[in-house]
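Engineer: So here's protein_19.csv (CSV, C-alpha atoms).
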chain,number,residue,atom,x,y,z
C,1,MET,CA,0.0,0.0,0.0
C,2,VAL,CA,2.8,2.4,0.9
C,3,GLN,CA,4.6,1.4,-2.3
C,4,TYR,CA,1.4,2.0,-4.2
C,5,SER,CA,0.9,5.4,-2.8
C,6,ARG,CA,4.5,6.4,-3.4
C,7,LYS,CA,4.1,5.4,-7.0
C,8,LEU,CA,1.0,7.6,-7.2
C,9,ASP,CA,3.0,10.5,-6.0
C,10,THR,CA,5.6,9.8,-8.7
C,11,ALA,CA,2.8,9.7,-11.3
C,12,PHE,CA,1.4,12.9,-9.9
C,13,GLY,CA,4.8,14.6,-10.3
C,14,ALA,CA,5.3,13.1,-13.7
C,15,LEU,CA,2.0,14.4,-15.0
C,16,SER,CA,2.5,18.0,-13.7
C,17,ASP,CA,4.4,18.8,-16.9
C,18,PRO,CA,2.5,19.7,-20.1
C,19,THR,CA,5.2,18.1,-22.3
C,20,ARG,CA,5.0,14.8,-20.4
C,21,ARG,CA,1.2,14.9,-20.7
C,22,GLY,CA,1.7,15.5,-24.4
C,23,ILE,CA,4.1,12.5,-24.7
C,24,LEU,CA,1.5,10.3,-23.1
C,25,GLU,CA,-1.2,11.5,-25.5
C,26,ARG,CA,1.1,10.9,-28.4
C,27,LEU,CA,2.0,7.4,-27.2
C,28,GLY,CA,-1.7,6.7,-26.8
C,29,ARG,CA,-2.0,6.9,-30.5
C,30,SER,CA,1.0,4.8,-31.3
C,31,ASP,CA,4.5,3.8,-30.1
C,32,ALA,CA,7.3,6.1,-31.0
C,33,GLY,CA,11.1,6.3,-30.9
C,34,ILE,CA,13.0,8.9,-28.8
C,35,THR,CA,14.1,10.8,-31.9
C,36,GLU,CA,10.5,10.9,-33.3
C,37,LEU,CA,9.3,12.3,-29.9
C,38,ALA,CA,12.0,14.9,-29.8
C,39,GLN,CA,11.0,16.1,-33.3
C,40,ALA,CA,7.3,16.0,-32.5
C,41,PHE,CA,7.8,18.2,-29.4
C,42,ASP,CA,10.6,20.3,-30.9
C,43,ILE,CA,13.0,19.7,-28.0
C,44,THR,CA,16.5,18.2,-27.7
C,45,LEU,CA,17.2,14.5,-27.4
C,46,THR,CA,18.6,15.1,-23.9
C,47,GLY,CA,15.4,17.0,-23.0
C,48,ILE,CA,13.0,14.3,-24.3
C,49,LYS,CA,15.1,11.5,-22.6
C,50,LYS,CA,14.7,13.3,-19.3
C,51,HIS,CA,10.9,13.5,-19.7
C,52,VAL,CA,10.7,9.9,-20.8
C,53,HIS,CA,12.8,8.8,-17.9
C,54,ILE,CA,10.5,10.5,-15.4
C,55,LEU,CA,7.5,8.9,-17.1
C,56,GLU,CA,9.2,5.5,-17.0
C,57,SER,CA,10.0,5.8,-13.3
C,58,ALA,CA,6.3,6.5,-12.7
C,59,GLY,CA,5.4,3.3,-14.7
C,60,LEU,CA,3.5,5.4,-17.2
C,61,VAL,CA,5.9,4.6,-20.1
C,62,THR,CA,8.1,1.6,-20.9
C,63,THR,CA,11.1,1.8,-23.3
C,64,GLU,CA,12.9,-0.9,-25.2
C,65,LYS,CA,16.0,-0.7,-27.3
C,66,VAL,CA,15.2,-2.1,-30.8
C,67,GLY,CA,18.4,-2.1,-32.8
C,68,ARG,CA,19.8,1.5,-32.5
C,69,VAL,CA,16.4,3.0,-31.7
C,70,ARG,CA,14.9,3.3,-28.2
C,71,GLN,CA,11.2,2.6,-28.7
C,72,CYS,CA,8.6,4.1,-26.2
C,73,ARG,CA,5.1,2.9,-25.5
C,74,LEU,CA,2.6,3.4,-22.8
C,75,GLY,CA,3.5,1.6,-19.5
C,76,PRO,CA,1.4,-0.7,-17.3
C,77,ARG,CA,0.1,2.2,-15.3
C,78,ARG,CA,-2.7,4.3,-16.9
C,79,LEU,CA,-3.4,7.7,-15.3
C,80,ASP,CA,-6.8,7.8,-16.9
C,81,ASP,CA,-7.2,5.1,-14.3
C,82,GLU,CA,-9.8,6.9,-12.3
C,83,THR,CA,-9.2,4.8,-9.2
C,84,ALA,CA,-5.6,6.0,-9.1
C,85,TRP,CA,-6.7,9.6,-9.4
C,86,ILE,CA,-9.3,9.2,-6.6
C,87,GLU,CA,-6.6,7.7,-4.4
C,88,THR,CA,-4.2,10.6,-5.2
C,89,TYR,CA,-6.9,13.1,-4.5
C,90,ARG,CA,-7.7,11.5,-1.2
C,91,ARG,CA,-4.1,11.9,-0.1
C,92,LEU,CA,-4.0,15.5,-1.3
C,93,LEU,CA,-7.2,16.3,0.6
C,94,GLU,CA,-5.9,14.6,3.8
C,95,GLY,CA,-2.6,16.5,3.5
C,96,ARG,CA,-4.5,19.7,2.9
C,97,LEU,CA,-6.6,19.4,6.1
C,98,ASN,CA,-3.5,18.5,8.1
C,99,ARG,CA,-1.7,21.6,6.9
C,100,LEU,CA,-4.8,23.7,7.6
C,101,GLY,CA,-4.7,22.3,11.2
C,102,GLU,CA,-1.0,23.1,11.5
C,103,PHE,CA,-1.5,26.6,10.2
C,104,LEU,CA,-4.3,27.3,12.7
C,105,GLU,CA,-2.1,26.0,15.5
C,106,ARG,CA,0.9,28.0,14.3
C,107,THR,CA,-1.0,31.3,14.0
C,108,LYS,CA,-3.0,30.9,17.3
C,109,GLU,CA,-0.8,33.2,19.4
C,110,LYS,CA,-1.3,36.1,16.9
C,111,GLN,CA,-5.1,36.2,17.4
U,1,MET,CA,2.9,31.3,27.0
U,2,THR,CA,2.0,27.7,26.0
U,3,THR,CA,4.3,25.5,24.2
U,4,ILE,CA,3.4,22.8,21.6
U,5,THR,CA,3.9,20.0,24.0
U,6,GLU,CA,1.4,21.4,26.5
U,7,GLN,CA,-1.3,21.5,24.0
U,8,GLU,CA,-3.8,18.8,23.4
U,9,PRO,CA,-2.8,16.5,20.6
U,10,MET,CA,-4.5,17.5,17.4
U,11,VAL,CA,-7.5,15.4,16.5
U,12,LYS,CA,-6.7,13.2,13.5
U,13,ALA,CA,-9.0,13.2,10.5
U,14,THR,CA,-11.5,10.5,10.1
U,15,ILE,CA,-11.8,9.4,6.5
U,16,THR,CA,-14.6,7.2,5.2
U,17,THR,CA,-15.7,6.3,1.7
U,18,PRO,CA,-19.5,6.1,1.7
U,19,SER,CA,-19.4,5.0,-2.0
U,20,ASP,CA,-16.6,4.4,-4.5
U,21,ARG,CA,-17.3,7.9,-5.8
U,22,GLU,CA,-17.4,9.7,-2.5
U,23,ILE,CA,-14.9,10.6,0.2
U,24,ARG,CA,-15.9,12.0,3.5
U,25,VAL,CA,-13.4,13.6,5.8
U,26,GLU,CA,-14.2,14.8,9.3
U,27,ARG,CA,-11.8,16.7,11.4
U,28,ILE,CA,-11.8,18.9,14.5
U,29,PHE,CA,-9.7,22.0,14.5
U,30,ASN,CA,-8.5,23.7,17.6
U,31,ALA,CA,-9.7,27.1,16.5
U,32,PRO,CA,-13.0,29.1,16.5
U,33,ARG,CA,-15.1,28.8,13.3
U,34,ASP,CA,-14.5,32.3,12.1
U,35,ARG,CA,-10.8,31.7,12.1
U,36,VAL,CA,-11.1,28.4,10.2
U,37,TRP,CA,-13.4,30.2,7.6
U,38,GLN,CA,-10.9,33.0,7.3
U,39,ALA,CA,-8.0,30.6,6.7
U,40,MET,CA,-10.0,28.9,4.0
U,41,THR,CA,-11.2,32.0,2.2
U,42,ASP,CA,-8.6,34.8,2.6
U,43,PRO,CA,-6.1,34.5,-0.3
U,44,LYS,CA,-3.2,35.7,1.9
U,45,LEU,CA,-3.9,33.0,4.5
U,46,VAL,CA,-4.6,30.3,1.9
U,47,ALA,CA,-1.2,30.9,0.3
U,48,GLN,CA,0.4,30.1,3.7
U,49,TRP,CA,-0.9,26.5,4.0
U,50,TRP,CA,-2.5,25.2,0.9
U,51,GLY,CA,0.6,24.5,-1.2
U,52,ARG,CA,2.2,21.5,0.6
U,53,GLY,CA,5.1,23.6,1.7
U,54,ASN,CA,5.7,24.7,-1.9
U,55,LYS,CA,5.2,28.2,-3.3
U,56,LEU,CA,1.5,28.8,-4.0
U,57,VAL,CA,0.2,31.5,-6.2
U,58,VAL,CA,-3.5,32.3,-5.6
U,59,GLU,CA,-4.5,33.5,-9.0
U,60,ARG,CA,-8.2,33.8,-8.2
U,61,LEU,CA,-10.3,33.3,-5.2
U,62,GLU,CA,-13.7,34.7,-5.7
U,63,VAL,CA,-15.6,33.4,-2.7
U,64,GLU,CA,-19.2,33.9,-3.9
U,65,ARG,CA,-21.7,31.8,-5.8
U,66,GLY,CA,-20.4,31.3,-9.4
U,67,GLY,CA,-17.0,32.7,-8.4
U,68,HIS,CA,-13.8,31.2,-9.8
U,69,TRP,CA,-10.8,30.0,-7.9
U,70,ARG,CA,-7.4,29.0,-9.3
U,71,PHE,CA,-4.3,28.1,-7.4
U,72,VAL,CA,-0.9,27.3,-8.9
U,73,GLU,CA,1.5,25.3,-6.9
U,74,HIS,CA,5.2,25.5,-7.7
U,75,ALA,CA,6.6,22.1,-6.7
U,76,PRO,CA,10.2,21.0,-7.3
U,77,GLU,CA,9.0,18.4,-9.8
U,78,GLY,CA,6.8,20.8,-11.7
U,79,VAL,CA,3.9,23.2,-11.7
U,80,ASN,CA,0.4,22.1,-10.6
U,81,GLY,CA,-2.7,24.1,-11.4
U,82,PHE,CA,-5.9,23.5,-9.5
U,83,GLU,CA,-9.2,25.3,-10.1
U,84,GLY,CA,-12.9,25.3,-9.8
U,85,ARG,CA,-16.0,27.4,-9.2
U,86,PHE,CA,-18.0,28.1,-6.0
U,87,ARG,CA,-21.6,26.8,-6.1
U,88,GLU,CA,-22.7,27.8,-2.7
U,89,VAL,CA,-21.2,30.1,-0.1
U,90,THR,CA,-22.7,30.6,3.3
U,91,PRO,CA,-20.2,32.2,5.6
U,92,PRO,CA,-19.0,30.9,8.0
U,93,SER,CA,-20.6,27.5,7.9
U,94,ARG,CA,-20.9,26.0,4.4
U,95,VAL,CA,-19.2,26.1,1.1
U,96,VAL,CA,-19.7,24.0,-2.1
U,97,GLN,CA,-17.2,24.2,-4.8
U,98,THR,CA,-15.8,22.2,-7.7
U,99,PHE,CA,-12.2,21.0,-7.9
U,100,GLU,CA,-10.2,20.1,-10.9
U,101,TRP,CA,-6.5,19.4,-11.4
U,102,ASP,CA,-4.9,20.5,-14.7
U,103,GLY,CA,-3.4,17.0,-14.9
U,104,MET,CA,-6.8,15.3,-15.0
U,105,PRO,CA,-9.0,17.7,-17.0
U,106,GLY,CA,-12.6,16.7,-17.1
U,107,TYR,CA,-12.5,14.9,-13.8
U,108,VAL,CA,-14.6,17.3,-11.7
U,109,ILE,CA,-14.9,16.8,-8.0
U,110,VAL,CA,-17.6,18.6,-6.0
U,111,GLU,CA,-16.5,19.4,-2.5
U,112,THR,CA,-19.0,20.3,0.2
U,113,ALA,CA,-17.5,21.6,3.4
U,114,THR,CA,-19.5,22.4,6.5
U,115,LEU,CA,-18.0,24.0,9.6
U,116,GLU,CA,-19.7,23.4,12.9
U,117,ASP,CA,-19.0,25.6,16.0
U,118,LEU,CA,-18.4,23.2,18.9
U,119,GLY,CA,-18.9,26.0,21.4
U,120,ASP,CA,-15.6,25.4,23.1
U,121,GLY,CA,-13.3,27.3,20.7
U,122,ARG,CA,-13.1,24.3,18.4
U,123,THR,CA,-14.6,23.7,15.0
U,124,ARG,CA,-15.7,20.5,13.3
U,125,LEU,CA,-15.1,20.4,9.6
U,126,VAL,CA,-16.9,17.8,7.5
U,127,ASN,CA,-15.8,17.6,3.9
U,128,THR,CA,-17.5,15.5,1.3
U,129,SER,CA,-16.0,15.0,-2.1
U,130,LEU,CA,-18.0,13.6,-5.0
U,131,PHE,CA,-16.4,12.5,-8.2
U,132,HIS,CA,-17.8,13.0,-11.6
U,133,THR,CA,-16.5,11.9,-15.0
U,134,THR,CA,-16.6,14.1,-18.1
U,135,GLU,CA,-19.5,12.0,-19.4
U,136,GLU,CA,-21.5,12.7,-16.3
U,137,ARG,CA,-20.7,16.3,-16.2
U,138,ASP,CA,-21.6,16.7,-19.9
U,139,GLY,CA,-24.8,14.8,-19.1
U,140,PHE,CA,-25.7,17.4,-16.5
U,141,LEU,CA,-24.9,20.3,-18.9
U,142,GLN,CA,-27.1,18.8,-21.5
U,143,SER,CA,-30.1,18.2,-19.3
U,144,GLY,CA,-29.7,21.7,-17.9
U,145,MET,CA,-29.6,23.2,-21.4
U,146,GLU,CA,-32.6,21.2,-22.4
U,147,GLY,CA,-34.5,22.6,-19.4
U,148,GLY,CA,-33.4,26.1,-20.3
U,149,MET,CA,-34.4,25.7,-23.9
U,150,ASN,CA,-37.8,24.4,-23.0
U,151,GLU,CA,-38.3,27.5,-20.8
U,152,SER,CA,-37.2,29.7,-23.6
U,153,TYR,CA,-39.6,28.0,-26.0
U,154,ALA,CA,-42.4,28.4,-23.5
U,155,ALA,CA,-41.6,32.1,-23.2
U,156,LEU,CA,-41.6,32.4,-26.9
U,157,ASP,CA,-44.9,30.7,-27.2
U,158,ARG,CA,-46.4,33.1,-24.7
U,159,LEU,CA,-45.0,36.1,-26.6
U,160,LEU,CA,-46.3,34.8,-29.9
U,161,ALA,CA,-49.7,34.2,-28.3
U,162,LYS,CA,-49.8,37.9,-27.2
U,163,LEU,CA,-48.8,39.1,-30.6
U,164,ALA,CA,-51.4,37.0,-32.4
Can you turn what I pasted into structure tokens?
Structural biologist:
Amino acid sequence: MVQYSRKLDTAFGALSDPTRRGILERLGRSDAGITELAQAFDITLTGIKKHVHILESAGLVTTEKVGRVRQCRLGPRRLDDETAWIETYRRLLEGRLNRLGEFLERTKEKQ
Amino acid sequence: MTTITEQEPMVKATITTPSDREIRVERIFNAPRDRVWQAMTDPKLVAQWWGRGNKLVVERLEVERGGHWRFVEHAPEGVNGFEGRFREVTPPSRVVQTFEWDGMPGYVIVETATLEDLGDGRTRLVNTSLFHTTEERDGFLQSGMEGGMNESYAALDRLLAKLA
């Protein structure tokens, strides 16, 4: 469960970037090589590799070396997986209320 | 002067899931209701706690029926935008608002928060979050529009009858 939640956090971070969301959308249509993605998003190979690596760590993308080309496709984890989003949201909400409580304690003396 | 250790331990949140689309959180805050309300609705105060320790930009916070809110959190791993609209605002006891994260567009959560004055300087917050998918939301919009259109047609009928 802890592992599961940590993965969700990673996925949450991975999805906070518009380029990475774009990559997922692109891979949703068909698999693509690193070079192809770099061209599609008009960024450097190094830049796209970094994004793909973050998506891969989150389980959203898997890559495989085919000959000289690194091929990318959607990973085992799908973030249109609503259950995953509900779980992430639950954790956000819980954290939010804890921080509100801490804030109220912290600012108590000032009242 | 009290120190943290002398204070009562903070009451932990109770989380239940009445259905697979609903999350209910109940929590008691060691602060009067007006202060809790203020912390939730004053942009300057919201910026101090909402952002998970990250920088938070409160772009909009129009606490009124139909008002828009939008917060942008600058986390080390990226920027997260959150937004929604207020559906009901009854200070200092009840607020209903929608919640959407930029990363999951179309997944609208309706949050209903009620604040109860416990009379001893503490406040009970009950927050219910209801999940809607894009399809459901579009369904609502459609039915709402149909209702509106029927009303418009009825008004047109009356007008035409008068003109006849």
Engineer: Just to confirm, what's the straight-line distance from atom CA of U:Arg94 to atom CA of U:Met40 in Å (one decimal)?
Structural biologist: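 Separation of atom CA of U:Arg94 and atom CA of U:Met40: 11.3 Å.
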Engineer: Could you name the residues that touch U:Thr112 at 9 Å or less, counting all atoms listed in the file, but leaving out those on the same chain fewer than 2 positions away, as a list in words?
Structural biologist: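 Contacts, with the query itself left out: Glu88, Arg94, Val95, Val96, Gln97, Thr98, Val110, Thr114, Val126, Asn127, Thr128, Ser129 and Leu130 of chain U.
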Engineer: Determine which residues of chain C sit within 7 Å of chain U, taking into account only C-alpha atoms, and present them as a ChimeraX atom specification.
Structural biologist: /C:13,15-17,96,99-101,103-104
Engineer: Determine the nearest neighbour of U:Leu61 from the options U:Glu100, U:Ala47, U:Asp117, U:Glu73, counting all atoms listed in the file.
Structural biologist: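 Among U:Glu100, U:Ala47, U:Asp117, U:Glu73, it is U:Ala47 that comes nearest to U:Leu61.
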Engineer: Counting all atoms listed in the file, which residue out of C:Arg70, C:Leu27, C:Leu60, C:Ile86 sits closest to C:Leu45?
Structural biologist: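 The shortest atom-to-atom distance to C:Leu45 comes from C:Arg70.
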Engineer: Which one of U:Leu118, U:Gln38, U:Arg85, U:Ala155 sits closest to U:Glu64 if you count only C-alpha atoms?
Structural biologist: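 Once distances to U:Glu64 are computed over only C-alpha atoms, the minimum belongs to U:Arg85.
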Engineer: Between atom CA of U:Glu116 and atom CA of U:Arg33, what distance in Å does the model show, to one decimal?
Structural biologist: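 Answer for the atom CA of U:Glu116 to atom CA of U:Arg33 separation: 7.1 Å.
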Engineer: Rounded to one decimal in Å, what is the spacing between atom CA of C:Phe41 and atom CA of C:Lys65?
Structural biologist: 20.7 Å
Engineer: Check the smallest atom-to-atom distance from each of C:Arg91, C:Lys50, C:Arg106, C:Arg73 to C:Ala14 using all atoms listed in the file, then report the winner.
Structural biologist: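 Looking at the shortest contact to C:Ala14, the residue is C:Lys50.
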